[in-house]
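Colleague: Pasting a structure here, questions to come.
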Amino acid sequence: MSATVTVRIPEALREFTEGKHELTVEAGSIADVMAGLKADGYPSLIRHVCNHEGQLRPFVNVYLGERDIRTLEGFRTRLAQGDVVTILPSVAGG
Amino acid sequence: MNGYDRRLEDLAERIGRIAPEDAYAATRNTAALLDIRDPEEWAEGSPAGSIRLGRSFLEREVEKTIPDKGTPVLVLCGSGVRSLFAAESLLQLGYRDVRSVEGGYEAWKRSGLPYERPGIIAAADRQRYARQIAIPEVGDEGQAKLAKARVLIVGAGGLGSPAALYLAAAGVGTIGIVDDDTVELSNLQRQILHATDRVGNLKTQSARQTLKALNPGVQVVTHDVRLDVANAEQIVADYDLVVDGTDNFQARYLLNDVCVKLQRPYVYASIFRFEGQLSVFWPAGPGKGRSPCYRCLYPSPPPRELAPSCAEAGVLGVLPGVMGTLQAVEAIKLILGMGDTLIGRLLCYDALAATFRQFRTTADPDCAYCSDQAAFPGYADYEAFCAGAGAA
């Protein structure tokens, strides 16, 4: 089952999305979101978010709504139509 | 007999009186004991559990404090004279059972009845903090808590500047500032503690100058050092809570680790161009569910090439103003124990979109630093940790 999902891209990752703040993908799970974004022409974004084994890097969090996908089912977390996924990297400026 | 004496005699006849011991017994029942003396007198001591409402605000405020006109009200002053006048006023306001405590606080104390020394604010401070004391959640007690509080701000930069200014303005008694840098012209677009004529001066000295000018009552302790493994514990141990105004991952992980070890609340914020992140980490803190630490949120930092600094990436000057100000709000809430802090939540501000979004943060049950089972694993080599991290 696939759903249309909005992916929010924060400032620190927009260099990998040609400055786009939001992307839309068809995805049934978080894993589908990553695969979809890679296929849609954002492989460098995915390289930043996931390591070589395809696991989430320890300085990036992915949220479904307000919830960290690590507290759900990780990349297997299922998505519904209209869900909003936020990719949030650690920043250190002050 | 002059007019005053006549009036006093008249009041003495009309107003019922109660001995301190009986007043004490009555307050253990339903009666309200109202200490109508001045704040300076309360500072010397006031009956334990009494309602403190100065004579000058009595008529205006008493109905908010004691809404039920049937409540027995026992009025206490210094020696039992002012309380007669106050009691008459209360009768006129409609309170039905009003008595004056015989001999006032002097007699109360002589009788060996319990008293306390509430946190009291001097007259000049009362004026300075009037708008804040007027908030019921703050009041005299809260203001006294702020005066006793010791807050460490690490970094007198973009985040540290507004945080320090607002905490000093609010009357936080002791503010420590850690920074080993000097003021540069390029700082002034956002680091509002400093000024053009102080370019080249130590940031800690500049900060002290600004904060003392704003509020001379605040003690500013300067630490002209870069926070490192050798000095961090000794510095942090002297404070109740830490505001993170640093600008690099090494300092943030060190600060997290020392705060976990010393069980201090850690008020975190970080920024990038138009966006800021804010949270409070306090694994040792009270409340339901364990608070995560910074490592639970981000176990390790990105490699250097993926983590541009403000110098490289740029930052909108007002952004740290917003985030540092929010850090001051969280610090004040923690000091006063009021409201819901950002423990367990990450607040993200996007200045361009003008949105605040929040995300839930959860404690990592396997966190090497803060999980229940974890013994403190020791400090890391933060330079190596931050240089080599992120590849995993």
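Order determines the names: the first chain of the structure tokens is A, the second B, and so forth; residues in each chain are numbered 1 upward, and ligands are numbered 1 upward as they are shown.
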Contacts of region 156-169 of chain B at 6 Å or less, counting only C-alpha atoms, minus same-chain residues fewer than 2 places along, as a VMD selection string?

Modeller: (chain A and resid 94) or (chain B and resid 171 to 172 190 to 193 245 320 to 321 324 to 325 328)

Colleague: Kindly export the residues of the current selection with C-alpha atoms, as a tab-separated table (two decimals), in the first residue's frame.

Modeller:
```
chain	number	residue	atom	x	y	z
A	94	GLY	CA	25.44	29.20	18.49
B	171	GLY	CA	17.19	38.92	38.79
B	172	VAL	CA	19.00	35.58	38.64
B	190	ARG	CA	24.10	38.92	16.80
B	191	GLN	CA	26.11	38.92	20.04
B	192	ILE	CA	24.24	41.75	21.72
B	193	LEU	CA	26.13	41.56	25.02
B	245	GLY	CA	25.55	28.86	24.21
B	320	PRO	CA	20.09	33.19	18.17
B	321	GLY	CA	18.22	36.10	19.76
B	324	GLY	CA	18.73	32.28	23.45
B	325	THR	CA	15.69	34.10	24.78
B	328	ALA	CA	16.27	32.01	29.32
```

Colleague: I need the residues of region 3-92 of chain A that end up classed as helix (DSSP H, G or I) by DSSP on the backbone, written out as a PDB file with C-alpha atoms, in the first residue's frame.

Modeller:
```pdb
ATOM      1  CA  GLU A  11      17.818  24.284   6.063  1.00  0.00           C
ATOM      2  CA  ALA A  12      20.931  22.237   6.832  1.00  0.00           C
ATOM      3  CA  LEU A  13      19.986  19.603   4.219  1.00  0.00           C
ATOM      4  CA  ARG A  14      18.620  21.828   1.473  1.00  0.00           C
ATOM      5  CA  GLU A  15      21.897  21.869  -0.376  1.00  0.00           C
ATOM      6  CA  PHE A  16      21.021  18.268  -1.274  1.00  0.00           C
ATOM      7  CA  ILE A  30       9.951   5.104   5.853  1.00  0.00           C
ATOM      8  CA  ALA A  31      12.208   2.735   3.872  1.00  0.00           C
ATOM      9  CA  ASP A  32      10.106   3.552   0.806  1.00  0.00           C
ATOM     10  CA  VAL A  33      10.599   7.263   1.488  1.00  0.00           C
ATOM     11  CA  MET A  34      14.377   6.823   1.415  1.00  0.00           C
ATOM     12  CA  ALA A  35      14.269   4.686  -1.716  1.00  0.00           C
ATOM     13  CA  GLY A  36      11.833   7.079  -3.381  1.00  0.00           C
ATOM     14  CA  LEU A  37      13.944  10.159  -2.657  1.00  0.00           C
ATOM     15  CA  LYS A  38      17.043   8.382  -3.949  1.00  0.00           C
ATOM     16  CA  ALA A  39      15.219   7.434  -7.157  1.00  0.00           C
ATOM     17  CA  PRO A  43      20.932  10.388  -3.710  1.00  0.00           C
ATOM     18  CA  SER A  44      23.278  12.793  -1.900  1.00  0.00           C
ATOM     19  CA  LEU A  45      20.498  13.577   0.585  1.00  0.00           C
ATOM     20  CA  ILE A  46      20.087   9.887   1.310  1.00  0.00           C
ATOM     21  CA  ARG A  47      23.859   9.415   1.621  1.00  0.00           C
ATOM     22  CA  HIS A  48      23.773  12.089   4.316  1.00  0.00           C
ATOM     23  CA  VAL A  49      20.877  10.487   6.141  1.00  0.00           C
ATOM     24  CA  ILE A  69      10.838   6.593  13.981  1.00  0.00           C
ATOM     25  CA  ARG A  70      13.335   4.877  16.331  1.00  0.00           C
ATOM     26  CA  THR A  71      10.506   4.734  18.872  1.00  0.00           C
ATOM     27  CA  GLY A  74      12.335   2.377  12.338  1.00  0.00           C
ATOM     28  CA  PHE A  75      12.473   2.145   8.555  1.00  0.00           C
ATOM     29  CA  ARG A  76       9.628  -0.386   8.639  1.00  0.00           C
TER      30      ARG A  76
END
```

Colleague: Within 9 Å of chain B, which residues of chain A show up when using only C-alpha atoms, listed as a VMD selection string?

Modeller: chain A and resid 10 to 12 48 51 to 52 55 to 61 63 65 to 68 71 89 to 94

Colleague: Please measure the separation of CA of Ile153 (chain B) and CA of Met338 (chain B), giving the value in Å to one decimal.

Modeller: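 A separation of 20.9 Å between them.
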
Colleague: I want to know what sits within 9 Å of Asn256 (chain B), based on only C-alpha atoms, with residues of the same chain fewer than 6 positions away left out; could you give that as a list in words?

Modeller: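 My reading of the contact set: Tyr266, Phe281, Cys293, Tyr294 and Arg295 of chain B.
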
Colleague: Quick one: distance from CA of Val7 (chain A) to CA of Phe356 (chain B) in Å, one decimal?

Modeller: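 About the pair CA of Val7 (chain A) and CA of Phe356 (chain B): they are 16.6 Å apart.
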
Colleague: Going by DSSP on the backbone, which residues of chain A come out as strand (DSSP E or B)? List them as a PyMOL selection string.

Modeller: chain A and resi 3-8+22-27+29+50+56+60-64+67-68+78+84-89+93

Colleague: Name the residues in contact with Asp38 (chain B) at a cut-off of 8 Å, using only C-alpha atoms, excluding same-chain residues fewer than 4 positions from it; report them as number ranges by chain.

Modeller: B: 42, 54-55

Colleague: His194 (chain B): which residues within 10 Å, counting only C-alpha atoms, same-chain residues fewer than 2 positions away excluded, as a PyMOL selection string?

Modeller: chain B and resi 156-157+161+183-185+187-192+196-199+201-210

Colleague: Go ahead and write the selection's residues with C-alpha atoms as a compact mmCIF listing (two decimals), in the first residue's frame.

Modeller:
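Saved the output as selection_9.txt:
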```
# COMPACT_ATOMS: atom_id res chain seq x y z
CA ALA B 156 28.99 34.63 25.48
CA GLY B 157 27.99 34.58 21.82
CA SER B 161 23.98 37.05 24.86
CA VAL B 183 35.01 40.46 20.82
CA GLU B 184 35.26 40.76 17.03
CA LEU B 185 33.42 43.18 14.79
CA ASN B 187 30.22 39.13 16.30
CA LEU B 188 28.17 42.27 16.82
CA GLN B 189 25.49 41.43 14.27
CA ARG B 190 24.10 38.92 16.80
CA GLN B 191 26.11 38.92 20.04
CA ILE B 192 24.24 41.75 21.72
CA THR B 196 31.67 48.28 19.01
CA ASP B 197 34.04 50.01 21.41
CA ARG B 198 34.84 46.68 23.04
CA VAL B 199 36.21 44.95 19.96
CA ASN B 201 38.25 42.93 24.74
CA LEU B 202 37.61 39.60 26.43
CA LYS B 203 33.99 38.55 25.89
CA THR B 204 33.61 37.69 29.57
CA GLN B 205 34.67 41.20 30.59
CA SER B 206 32.40 42.77 28.01
CA ALA B 207 29.54 40.58 29.20
CA ARG B 208 30.13 41.57 32.80
CA GLN B 209 30.14 45.26 31.86
CA THR B 210 26.80 44.95 30.03
```

Colleague: Measure the distance from CA of Asn215 (chain B) to CA of Ala237 (chain B) in Å and round it to one decimal.

Modeller: 24.6 Å

Colleague: So which one's closest to Thr222 (chain B), B:Ile177, B:Leu53, B:Arg131, B:Gly103? Using only C-alpha atoms, please.

Modeller: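 Residue with the minimum atom-to-atom distance to Thr222 (chain B): B:Ile177.
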